[in-house]
file work_13.cif (mmCIF, C-alpha atoms and all ligand atoms)
data_upload
#
loop_
_atom_site.label_atom_id
_atom_site.label_comp_id
_atom_site.auth_asym_id
_atom_site.auth_seq_id
_atom_site.Cartn_x
_atom_site.Cartn_y
_atom_site.Cartn_z
CA MET O 1 -17.85 25.26 -5.75
CA ILE O 2 -18.83 21.61 -5.08
CA ALA O 3 -18.39 20.85 -8.77
CA TRP O 4 -14.81 22.12 -8.66
CA PHE O 5 -14.14 20.24 -5.45
CA VAL O 6 -15.36 16.97 -7.02
CA ILE O 7 -13.44 17.48 -10.28
CA THR O 8 -10.24 18.44 -8.45
CA THR O 9 -10.36 15.49 -6.05
CA LEU O 10 -11.30 12.98 -8.76
CA LEU O 11 -8.51 14.21 -11.03
CA GLY O 12 -6.12 14.42 -8.07
CA TYR O 13 -6.69 10.78 -7.17
CA TYR O 14 -6.49 9.75 -10.83
CA LEU O 15 -3.13 11.50 -11.25
CA LEU O 16 -1.81 9.94 -8.04
CA ASP O 17 -2.86 6.50 -9.30
CA CYS O 18 -1.24 7.11 -12.72
CA THR O 19 1.96 8.27 -11.01
CA ALA O 20 2.03 5.07 -8.95
CA LYS O 21 1.63 2.98 -12.09
CA PHE O 22 4.35 4.87 -14.00
CA LEU O 23 6.73 4.55 -11.05
CA ASN O 24 5.91 0.86 -10.91
CA LEU O 25 6.84 0.41 -14.57
CA ARG O 26 10.01 2.46 -14.20
CA GLY O 27 11.02 0.47 -11.14
CA LEU O 28 10.99 -2.93 -12.90
CA ARG O 29 14.41 -4.32 -12.03
CA GLN O 30 17.06 -5.53 -14.44
CA GLU O 31 18.00 -8.64 -12.49
CA VAL O 32 16.12 -11.21 -10.42
CA PRO O 33 16.24 -10.48 -6.64
CA LYS O 34 18.67 -12.89 -4.97
CA GLU O 35 15.96 -14.66 -2.98
CA PHE O 36 14.12 -15.68 -6.17
CA GLN O 37 17.06 -16.73 -8.34
CA ASP O 38 16.25 -20.40 -7.79
CA VAL O 39 12.69 -20.08 -9.17
CA TYR O 40 12.91 -17.28 -11.76
CA ASP O 41 15.28 -17.97 -14.65
CA ALA O 42 16.08 -15.18 -17.12
CA ASP O 43 13.23 -16.08 -19.44
CA ARG O 44 10.60 -16.33 -16.69
CA PHE O 45 11.78 -13.02 -15.23
CA ARG O 46 11.50 -11.35 -18.64
CA ARG O 47 7.96 -12.75 -19.01
CA SER O 48 6.96 -11.58 -15.54
CA LYS O 49 8.08 -8.04 -16.38
CA GLU O 50 6.21 -8.18 -19.68
CA TYR O 51 3.08 -9.37 -17.83
CA THR O 52 3.35 -6.52 -15.31
CA ARG O 53 3.86 -4.03 -18.14
CA LEU O 54 0.80 -5.19 -20.08
CA ASN O 55 -1.44 -5.30 -17.01
CA THR O 56 -0.35 -1.85 -15.87
CA GLN O 57 -1.01 -0.36 -19.30
CA PHE O 58 -4.38 -2.11 -19.33
CA ASP O 59 -5.27 -0.65 -15.89
CA LEU O 60 -4.21 2.82 -17.05
CA VAL O 61 -6.45 2.65 -20.11
CA THR O 62 -9.41 1.30 -18.10
CA SER O 63 -9.22 3.92 -15.34
CA THR O 64 -8.79 6.73 -17.90
CA ILE O 65 -11.86 5.63 -19.84
CA GLU O 66 -13.90 5.17 -16.66
CA LEU O 67 -13.12 8.67 -15.42
CA GLY O 68 -13.58 10.13 -18.90
CA ILE O 69 -17.06 8.61 -19.25
CA LEU O 70 -18.11 9.80 -15.79
CA LEU O 71 -17.02 13.38 -16.56
CA LEU O 72 -18.63 13.24 -20.01
CA PHE O 73 -21.92 11.89 -18.60
CA TRP O 74 -21.89 14.69 -16.05
CA ALA O 75 -20.99 17.36 -18.65
CA ILE O 76 -23.85 16.44 -21.00
CA GLY O 77 -26.33 16.53 -18.10
CA GLY O 78 -26.74 12.74 -17.96
CA PHE O 79 -27.82 12.58 -14.30
CA GLU O 80 -30.67 15.03 -14.98
CA GLU O 81 -31.72 13.47 -18.32
CA LEU O 82 -31.86 9.99 -16.85
CA ASP O 83 -33.93 11.21 -13.88
CA ARG O 84 -36.40 12.91 -16.23
CA SER O 85 -36.79 9.78 -18.34
CA VAL O 86 -37.35 7.61 -15.26
CA SER O 87 -39.83 10.08 -13.70
CA LYS O 88 -41.99 10.03 -16.84
CA PHE O 89 -43.43 6.66 -15.75
CA HIS O 90 -44.87 8.21 -12.53
CA PHE O 91 -43.88 5.33 -10.27
CA GLN O 92 -43.35 5.64 -6.52
CA PRO O 93 -40.01 7.30 -5.61
CA VAL O 94 -38.54 3.98 -4.38
CA THR O 95 -39.33 2.27 -7.71
CA ASN O 96 -37.93 5.26 -9.60
CA GLY O 97 -34.77 4.95 -7.52
CA LEU O 98 -34.38 1.24 -8.25
CA ILE O 99 -34.78 1.87 -12.00
CA TYR O 100 -32.33 4.79 -11.85
CA PHE O 101 -29.71 2.64 -10.06
CA ALA O 102 -30.33 -0.32 -12.37
CA ILE O 103 -29.78 1.73 -15.53
CA LEU O 104 -26.56 3.26 -14.18
CA ALA O 105 -25.26 -0.14 -13.02
CA ALA O 106 -26.17 -1.81 -16.31
CA GLY O 107 -24.46 1.00 -18.23
CA GLN O 108 -21.31 0.56 -16.18
CA ALA O 109 -21.33 -3.23 -16.57
CA ALA O 110 -21.82 -2.92 -20.34
CA LEU O 111 -18.99 -0.41 -20.53
CA MET O 112 -16.59 -2.66 -18.62
CA LEU O 113 -17.52 -5.85 -20.48
CA PRO O 114 -15.17 -5.39 -23.49
CA PHE O 115 -12.30 -4.76 -21.05
CA ARG O 116 -13.02 -7.97 -19.14
CA ILE O 117 -13.16 -9.91 -22.40
CA TYR O 118 -9.85 -8.40 -23.49
CA HIS O 119 -8.23 -9.14 -20.14
CA THR O 120 -9.32 -12.79 -20.05
CA PHE O 121 -9.02 -13.76 -23.70
CA VAL O 122 -6.06 -11.63 -24.75
CA ILE O 123 -3.77 -10.82 -21.82
CA GLU O 124 -4.34 -13.93 -19.67
CA GLN O 125 -4.44 -16.09 -22.81
CA ARG O 126 -1.14 -14.75 -24.08
CA PHE O 127 0.66 -15.77 -20.88
CA GLY O 128 -0.98 -19.18 -20.78
CA PHE O 129 -3.14 -18.48 -17.69
CA ASN O 130 -6.57 -18.50 -19.26
CA ARG O 131 -8.63 -21.68 -19.22
CA THR O 132 -12.06 -20.02 -19.34
CA THR O 133 -14.14 -21.10 -22.29
CA ILE O 134 -16.51 -18.60 -23.89
CA LYS O 135 -19.42 -20.61 -22.48
CA THR O 136 -18.06 -20.39 -18.91
CA PHE O 137 -17.31 -16.69 -19.36
CA VAL O 138 -20.86 -15.92 -20.51
CA ALA O 139 -22.41 -18.05 -17.73
CA ASP O 140 -20.17 -16.37 -15.13
CA ARG O 141 -21.15 -12.87 -16.19
CA LEU O 142 -24.87 -13.74 -16.22
CA LYS O 143 -24.67 -15.26 -12.74
CA GLU O 144 -22.57 -12.36 -11.49
CA TRP O 145 -25.04 -9.77 -12.79
CA LEU O 146 -27.99 -11.72 -11.44
CA ILE O 147 -26.49 -11.96 -7.93
CA ALA O 148 -25.35 -8.33 -7.98
CA GLY O 149 -28.82 -7.32 -9.18
CA ILE O 150 -30.59 -9.22 -6.40
CA VAL O 151 -28.21 -8.21 -3.60
CA THR O 152 -27.79 -4.53 -4.50
CA GLY O 153 -31.47 -4.33 -5.51
CA LEU O 154 -32.48 -5.62 -2.07
CA LEU O 155 -30.08 -3.28 -0.25
CA ALA O 156 -31.17 -0.31 -2.37
CA PHE O 157 -34.84 -1.12 -1.76
CA VAL O 158 -34.32 -1.23 2.03
CA VAL O 159 -32.24 1.96 2.14
CA LEU O 160 -34.53 4.00 -0.15
CA SER O 161 -37.69 2.82 1.64
CA LEU O 162 -36.17 3.80 5.00
CA PHE O 163 -35.12 7.25 3.75
CA GLN O 164 -38.55 7.71 2.22
CA ALA O 165 -40.22 6.78 5.53
CA PHE O 166 -37.94 8.45 8.09
CA GLY O 167 -36.19 11.17 6.09
CA LEU O 168 -32.60 11.99 6.99
CA HIS O 169 -32.99 10.33 10.42
CA ALA O 170 -32.99 6.98 8.64
CA TRP O 171 -29.16 6.70 8.60
CA LEU O 172 -28.86 4.67 11.81
CA ILE O 173 -31.61 2.18 10.99
CA CYS O 174 -30.24 1.95 7.42
CA TRP O 175 -26.90 0.94 8.88
CA ILE O 176 -28.44 -1.64 11.22
CA CYS O 177 -30.44 -3.20 8.36
CA THR O 178 -27.49 -3.35 5.95
CA ALA O 179 -25.26 -4.75 8.71
CA VAL O 180 -27.79 -7.54 9.36
CA ILE O 181 -28.12 -8.27 5.63
CA SER O 182 -24.34 -8.40 5.18
CA VAL O 183 -23.97 -10.81 8.14
CA ILE O 184 -26.53 -13.10 6.47
CA LEU O 185 -24.75 -12.82 3.09
CA VAL O 186 -21.35 -13.68 4.54
CA TYR O 187 -22.88 -16.60 6.45
CA ILE O 188 -24.56 -18.12 3.39
CA ALA O 189 -21.69 -17.35 0.97
CA PRO O 190 -19.99 -20.79 1.13
CA THR O 191 -23.21 -22.73 0.69
CA VAL O 192 -25.13 -20.46 -1.70
CA PHE O 193 -22.74 -18.36 -3.78
CA LEU O 194 -19.60 -20.51 -3.98
CA PRO O 195 -21.32 -23.55 -5.60
CA LEU O 196 -22.79 -21.25 -8.26
CA PHE O 197 -19.32 -20.66 -9.64
CA PHE O 198 -17.29 -23.70 -8.61
CA LYS O 199 -17.71 -27.43 -8.34
CA THR O 200 -16.70 -28.27 -4.80
CA SER O 201 -15.46 -31.56 -3.42
CA ALA O 202 -13.91 -32.79 -0.17
CA VAL O 203 -10.15 -33.33 0.10
CA PRO O 204 -9.55 -37.00 -0.81
CA GLU O 205 -8.22 -39.46 1.78
CA GLY O 206 -4.45 -39.32 2.06
CA PRO O 207 -1.58 -37.46 3.70
CA LEU O 208 -3.11 -34.00 3.04
CA ARG O 209 -6.39 -34.90 4.68
CA GLU O 210 -4.64 -36.49 7.65
CA GLY O 211 -2.40 -33.45 8.00
CA VAL O 212 -5.37 -31.08 7.92
CA THR O 213 -7.34 -33.05 10.51
CA GLU O 214 -4.31 -33.11 12.78
CA LEU O 215 -3.68 -29.36 12.29
CA ALA O 216 -7.33 -28.44 12.96
CA ALA O 217 -7.41 -30.57 16.13
CA ARG O 218 -4.10 -29.19 17.41
CA GLU O 219 -5.11 -25.59 16.80
CA ASN O 220 -8.63 -26.16 18.12
CA PHE O 221 -10.02 -24.87 14.84
CA PRO O 222 -13.50 -26.29 14.33
CA ILE O 223 -13.49 -26.38 10.57
CA ARG O 224 -16.76 -27.38 8.99
CA GLU O 225 -15.26 -28.51 5.75
CA LEU O 226 -12.11 -28.23 3.72
CA LEU O 227 -13.20 -27.73 0.15
CA VAL O 228 -11.39 -28.31 -3.08
CA ILE O 229 -12.77 -26.11 -5.85
CA ASP O 230 -12.20 -26.47 -9.57
CA GLY O 231 -10.39 -23.18 -10.18
CA SER O 232 -8.62 -24.90 -13.08
CA ARG O 233 -11.77 -24.47 -15.16
CA ARG O 234 -11.02 -20.73 -15.37
CA SER O 235 -7.35 -20.13 -14.79
CA SER O 236 -4.09 -21.92 -14.16
CA LYS O 237 -3.44 -19.53 -11.24
CA ALA O 238 -3.70 -21.05 -7.77
CA ASN O 239 -5.26 -19.71 -4.59
CA ALA O 240 -6.76 -20.52 -1.21
CA PHE O 241 -9.24 -18.55 0.87
CA PHE O 242 -11.41 -18.48 3.94
CA THR O 243 -15.16 -18.14 3.58
CA GLY O 244 -18.21 -17.92 5.84
CA PHE O 245 -18.12 -17.62 9.63
CA GLY O 246 -19.49 -19.16 12.81
CA SER O 247 -20.63 -22.72 12.26
CA ASN O 248 -20.56 -22.23 8.49
CA LYS O 249 -16.87 -21.47 7.96
CA ARG O 250 -14.81 -23.26 5.36
CA ILE O 251 -11.42 -23.07 3.77
CA ALA O 252 -11.40 -23.44 0.01
CA LEU O 253 -8.31 -24.68 -1.84
CA TYR O 254 -8.05 -24.38 -5.61
CA ASP O 255 -7.36 -27.69 -7.33
CA THR O 256 -4.53 -25.86 -9.12
CA LEU O 257 -2.91 -25.27 -5.72
CA ILE O 258 -3.21 -28.92 -4.70
CA ASN O 259 -1.80 -30.12 -8.01
CA THR O 260 1.30 -27.94 -7.92
CA HIS O 261 2.29 -27.95 -4.23
CA THR O 262 3.71 -30.52 -1.85
CA VAL O 263 1.74 -31.63 1.23
CA PRO O 264 3.93 -29.64 3.71
CA GLU O 265 3.50 -26.53 1.52
CA LEU O 266 -0.28 -27.01 1.40
CA LEU O 267 -0.41 -27.44 5.18
CA ALA O 268 1.58 -24.21 5.56
CA VAL O 269 -0.91 -22.37 3.31
CA LEU O 270 -3.79 -23.82 5.37
CA ALA O 271 -2.09 -22.82 8.62
CA HIS O 272 -1.86 -19.27 7.21
CA GLU O 273 -5.64 -19.27 6.58
CA VAL O 274 -6.28 -20.68 10.07
CA GLY O 275 -4.04 -17.87 11.37
CA HIS O 276 -6.43 -15.28 9.90
CA TYR O 277 -9.18 -16.84 11.98
CA LYS O 278 -7.21 -17.42 15.19
CA LYS O 279 -5.79 -13.89 15.17
CA HIS O 280 -9.31 -12.45 14.70
CA HIS O 281 -8.51 -10.88 11.32
CA ILE O 282 -11.79 -12.03 9.80
CA PHE O 283 -13.75 -10.45 12.63
CA ARG O 284 -11.70 -7.22 12.63
CA HIS O 285 -12.05 -6.92 8.87
CA PHE O 286 -15.81 -7.24 9.21
CA VAL O 287 -15.96 -4.62 11.99
CA TYR O 288 -13.84 -2.22 9.91
CA GLY O 289 -16.21 -2.68 6.97
CA GLN O 290 -19.25 -2.04 9.15
CA PHE O 291 -17.62 1.05 10.67
CA ASN O 292 -17.02 2.39 7.14
CA LEU O 293 -20.63 1.72 6.32
CA LEU O 294 -21.78 3.59 9.43
CA LEU O 295 -19.72 6.63 8.42
CA LEU O 296 -21.10 6.32 4.89
CA PHE O 297 -24.70 6.52 6.09
CA LEU O 298 -23.92 9.27 8.59
CA GLY O 299 -22.32 11.28 5.79
CA ALA O 300 -25.29 10.54 3.55
CA SER O 301 -27.68 12.02 6.12
CA VAL O 302 -25.71 15.27 5.97
CA CYS O 303 -25.22 15.45 2.19
CA ILE O 304 -27.89 13.77 0.10
CA THR O 305 -30.51 16.53 0.19
CA ARG O 306 -28.13 19.51 -0.05
CA PRO O 307 -29.23 21.81 -2.91
CA GLU O 308 -25.55 22.59 -3.71
CA LEU O 309 -24.92 18.93 -4.49
CA PHE O 310 -27.80 18.76 -6.99
CA THR O 311 -26.86 22.11 -8.56
CA ALA O 312 -23.27 20.92 -9.03
CA PHE O 313 -24.47 17.95 -11.09
CA GLY O 314 -27.20 19.91 -12.90
CA VAL O 315 -30.09 17.96 -11.34
CA THR O 316 -33.35 19.84 -10.66
CA ASN O 317 -35.50 17.31 -8.77
CA ARG O 318 -34.00 16.67 -5.32
CA SER O 319 -34.81 13.01 -4.70
CA TYR O 320 -33.11 10.68 -2.23
CA TYR O 321 -32.03 8.26 -4.94
CA VAL O 322 -30.26 10.81 -7.14
CA GLY O 323 -28.81 12.37 -3.97
CA LEU O 324 -27.33 9.00 -3.01
CA VAL O 325 -25.68 8.53 -6.41
CA LEU O 326 -24.19 12.04 -6.40
CA TYR O 327 -23.04 11.61 -2.79
CA LEU O 328 -21.20 8.40 -3.73
CA ILE O 329 -19.37 10.27 -6.50
CA LEU O 330 -18.60 13.16 -4.13
CA ILE O 331 -16.94 10.86 -1.58
CA GLN O 332 -15.05 8.63 -4.05
CA PRO O 333 -11.62 10.10 -3.19
CA LEU O 334 -12.44 9.79 0.52
CA SER O 335 -13.38 6.11 0.04
CA ALA O 336 -10.04 5.66 -1.72
CA LEU O 337 -8.31 7.03 1.40
CA PHE O 338 -10.19 4.59 3.61
CA GLY O 339 -9.15 1.91 1.14
CA VAL O 340 -5.49 2.84 1.68
CA LEU O 341 -5.90 2.41 5.45
CA GLY O 342 -7.82 -0.85 4.96
CA ASN O 343 -5.07 -2.18 2.66
CA TYR O 344 -2.41 -1.27 5.21
CA LEU O 345 -4.26 -3.17 7.97
CA SER O 346 -4.78 -6.11 5.64
CA ARG O 347 -1.07 -6.29 4.75
CA ARG O 348 -0.20 -6.20 8.46
CA ASP O 349 -2.59 -9.12 9.02
CA GLU O 350 -0.94 -11.09 6.21
CA PHE O 351 2.45 -10.82 7.94
CA GLU O 352 0.83 -11.94 11.19
CA ALA O 353 -0.88 -14.94 9.53
CA ASP O 354 2.45 -15.89 7.90
CA ARG O 355 4.12 -15.76 11.31
CA PHE O 356 1.33 -17.84 12.81
CA ALA O 357 1.74 -20.47 10.07
CA ALA O 358 5.51 -20.66 10.57
CA GLU O 359 5.14 -21.04 14.34
CA THR O 360 2.35 -23.63 14.06
CA ILE O 361 4.29 -25.75 11.59
CA GLY O 362 7.47 -25.13 13.53
CA ASP O 363 9.35 -24.20 10.36
CA PRO O 364 8.95 -21.20 8.01
CA ASN O 365 10.41 -23.05 5.02
CA PRO O 366 7.28 -24.80 3.65
CA LEU O 367 5.45 -21.44 3.49
CA ILE O 368 8.49 -19.77 1.91
CA THR O 369 8.68 -22.38 -0.86
CA ALA O 370 4.88 -22.24 -1.32
CA LEU O 371 4.96 -18.44 -1.71
CA LYS O 372 7.86 -18.64 -4.14
CA ARG O 373 6.14 -21.33 -6.16
CA LEU O 374 2.90 -19.33 -6.25
CA SER O 375 4.61 -16.19 -7.51
CA LYS O 376 6.60 -18.15 -10.06
CA GLU O 377 3.42 -19.78 -11.40
CA SER O 378 1.52 -16.47 -11.60
CA LEU O 379 4.48 -14.38 -12.88
CA SER O 380 4.16 -11.94 -9.95
CA ASN O 381 5.96 -8.63 -10.04
CA LEU O 382 8.61 -9.19 -7.37
CA THR O 383 9.38 -5.51 -6.78
CA PRO O 384 6.18 -3.42 -7.04
CA HIS O 385 6.55 0.30 -6.25
CA PRO O 386 5.65 1.22 -2.62
CA LEU O 387 3.14 3.87 -3.77
CA LEU O 388 1.26 1.30 -5.85
CA VAL O 389 1.41 -1.14 -2.93
CA SER O 390 -0.13 1.36 -0.50
CA LEU O 391 -2.89 2.32 -2.95
CA HIS O 392 -3.98 -1.14 -4.10
CA PHE O 393 -2.27 -4.09 -2.43
CA THR O 394 -4.14 -6.09 0.22
CA HIS O 395 -1.17 -8.48 0.39
CA PRO O 396 2.46 -7.43 0.95
CA PRO O 397 4.85 -7.94 -1.99
CA VAL O 398 5.94 -11.58 -1.90
CA LEU O 399 9.63 -10.71 -1.52
CA GLU O 400 8.85 -8.84 1.73
CA ARG O 401 6.82 -11.80 3.01
CA VAL O 402 9.63 -14.22 2.28
CA LEU O 403 12.24 -11.97 3.92
CA ALA O 404 10.01 -11.58 7.02
CA LEU O 405 9.67 -15.37 7.22
CA ARG O 406 13.44 -15.83 6.81
CA LYS O 407 13.94 -13.81 10.03
CA LEU O 408 12.02 -16.50 11.92
CA GLU O 409 14.39 -19.27 10.86
ZN ZN H 501 -3.81 -14.30 3.97
#
call {"tool": "encode", "arguments": {"input": "work_13.cif", "output": "structure tokens"}}
result
Amino acid sequence: MIAWFVITTLLGYYLLDCTAKFLNLRGLRQEVPKEFQDVYDADRFRRSKEYTRLNTQFDLVTSTIELGILLLFWAIGGFEELDRSVSKFHFQPVTNGLIYFAILAAGQAALMLPFRIYHTFVIEQRFGFNRTTIKTFVADRLKEWLIAGIVTGLLAFVVLSLFQAFGLHAWLICWICTAVISVILVYIAPTVFLPLFFKTSAVPEGPLREGVTELAARENFPIRELLVIDGSRRSSKANAFFTGFGSNKRIALYDTLINTHTVPELLAVLAHEVGHYKKHHIFRHFVYGQFNLLLLFLGASVCITRPELFTAFGVTNRSYYVGLVLYLILIQPLSALFGVLGNYLSRRDEFEADRFAAETIGDPNPLITALKRLSKESLSNLTPHPLLVSLHFTHPPVLERVLALRKLE
């Protein structure tokens, strides 16, 4: 019964996702939308459609293989076999759990590695975006796996130890502990994690720096530091983001953004990021994440020891750690639904931050030209299908953002 429920919902979501991608490909327009005719010539538009096509096909192949491997692993009794192999060492249950998680995570990372290589060195390369050397790629993956290993290892250790000590009543204290750990991680992110991947420097003296200081003072935005990071070492694509919180918050600008945009455009992008802070998006996003986590643990307390769950996946020994893994597979489609709601809220926030930027600068045009330049440089799909947008997009399609900004003129 549970097995059928899981298979049906997993396949249901997969088919919905495939449908969205097919509709997206079919909806690629013949001519450039009027608003973008000044930045997309015929050749660039053709390349942007080709880029969308290749990426969509790539995503289709990846998600098919991912689901296929999960179902195959389940069908050959992988969850049970792995648990038996781990149990042979007669460690404590928490140690067994950490080894069980580590093997599954390593397997997944190894499986996805060829796809990441293909994406960076074939697709991104072909369109002239890739600047990652093999050395940087290898170093990035090692650092990424190390950080993921330490962070998820720590979280898994805390959660499993608590379940082991308090049984199913542990859900609330599990949530409190993971909430505290995630607050610490977000706080230290700009000073600990960011420098591991990027060389950071301060914005040099000049009109940009003056503009930023003036903007921060006017908006009463106590920014700790405005960082420039060397994104150009990996990709020619440009970006800007907000990181950290409280007294440790920073805005990071890619050097690629600074090199390709005018000072008014850069100030508009910064004002957008400040808008996320002033309109409490960062805080709301965090609360939404913590609320999801609370529901996740509450659900876990109901599900992870249910015999039906273990029977469905062919596992005989009912441990907390295997229960947690199976529970996460069981709720995958539900997490996807929460993702759809989260994406919707995030897109709404993007419109609000755009509006904030336009009002702060007193003119929507610098942000409009910045958005158009960004999509031109990254060959964005100008007309993604609404179903694909609702499933995966945290940012509204750029054409919608520009049209919303035009209304403010
Ligand atoms: Zn934003």
call {"tool": "residues_around", "arguments": {"input": "work_13.cif", "residues": "O:Glu210", "least_positions_apart": "5", "cutoff": "12 Å", "atoms": "all atoms listed in the file", "output": "VMD selection string"}}
result
chain O and resid 203 to 205 215 to 217 226 263 to 264 267
call {"tool": "closest_atom_pairs", "arguments": {"input": "work_13.cif", "of": "chain O", "to": "ligand ZN 501 (chain H)", "cutoff": "8 Å", "atoms": "all atoms listed in the file", "output": "tab-separated table"}}
result
residue	atom	partner	partner_atom	distance
O:Phe241	CA	H:ZN501	ZN	7.6
O:His272	CA	H:ZN501	ZN	6.2
O:Glu273	CA	H:ZN501	ZN	5.9
O:His276	CA	H:ZN501	ZN	6.6
O:Asp349	CA	H:ZN501	ZN	7.3
O:Glu350	CA	H:ZN501	ZN	4.9
O:Ala353	CA	H:ZN501	ZN	6.3
O:Asp354	CA	H:ZN501	ZN	7.6
O:His395	CA	H:ZN501	ZN	7.3
call {"tool": "closest_residue", "arguments": {"input": "work_13.cif", "among": "O:Ile368, O:Leu379, O:Leu253, O:Leu326", "to": "O:Phe79", "atoms": "only C-alpha atoms"}}
result
O:Leu326
call {"tool": "residues_around", "arguments": {"input": "work_13.cif", "residues": "O:Ile103", "least_positions_apart": "3", "cutoff": "12 Å", "atoms": "only C-alpha atoms", "output": "NGL selection string"}}
result
:O and (78-79 or 82-83 or 85-86 or 96-100 or 106-110 or 149 or 153)
call {"tool": "atom_distance", "arguments": {"input": "work_13.cif", "atom1": "atom CA of O:Val228", "atom2": "atom CA of O:His280"}}
result
23.9 Å
call {"tool": "atom_distance", "arguments": {"input": "work_13.cif", "atom1": "atom CA of O:Phe157", "atom2": "atom CA of O:Leu172"}}
result
15.9 Å
call {"tool": "residues_around", "arguments": {"input": "work_13.cif", "residues": "O:Glu35", "least_positions_apart": "3", "cutoff": "10 Å", "atoms": "all atoms listed in the file", "output": "PyMOL selection string"}}
result
chain O and resi 32+38-40+372+399+402-403
call {"tool": "closest_residue", "arguments": {"input": "work_13.cif", "among": "O:Ala189, O:Ile304, O:Leu196, O:Leu293", "to": "O:Asp140", "atoms": "all atoms listed in the file"}}
result
O:Leu196
call {"tool": "atom_distance", "arguments": {"input": "work_13.cif", "atom1": "atom CA of O:Trp171", "atom2": "atom CA of O:Pro333"}}
result
21.4 Å
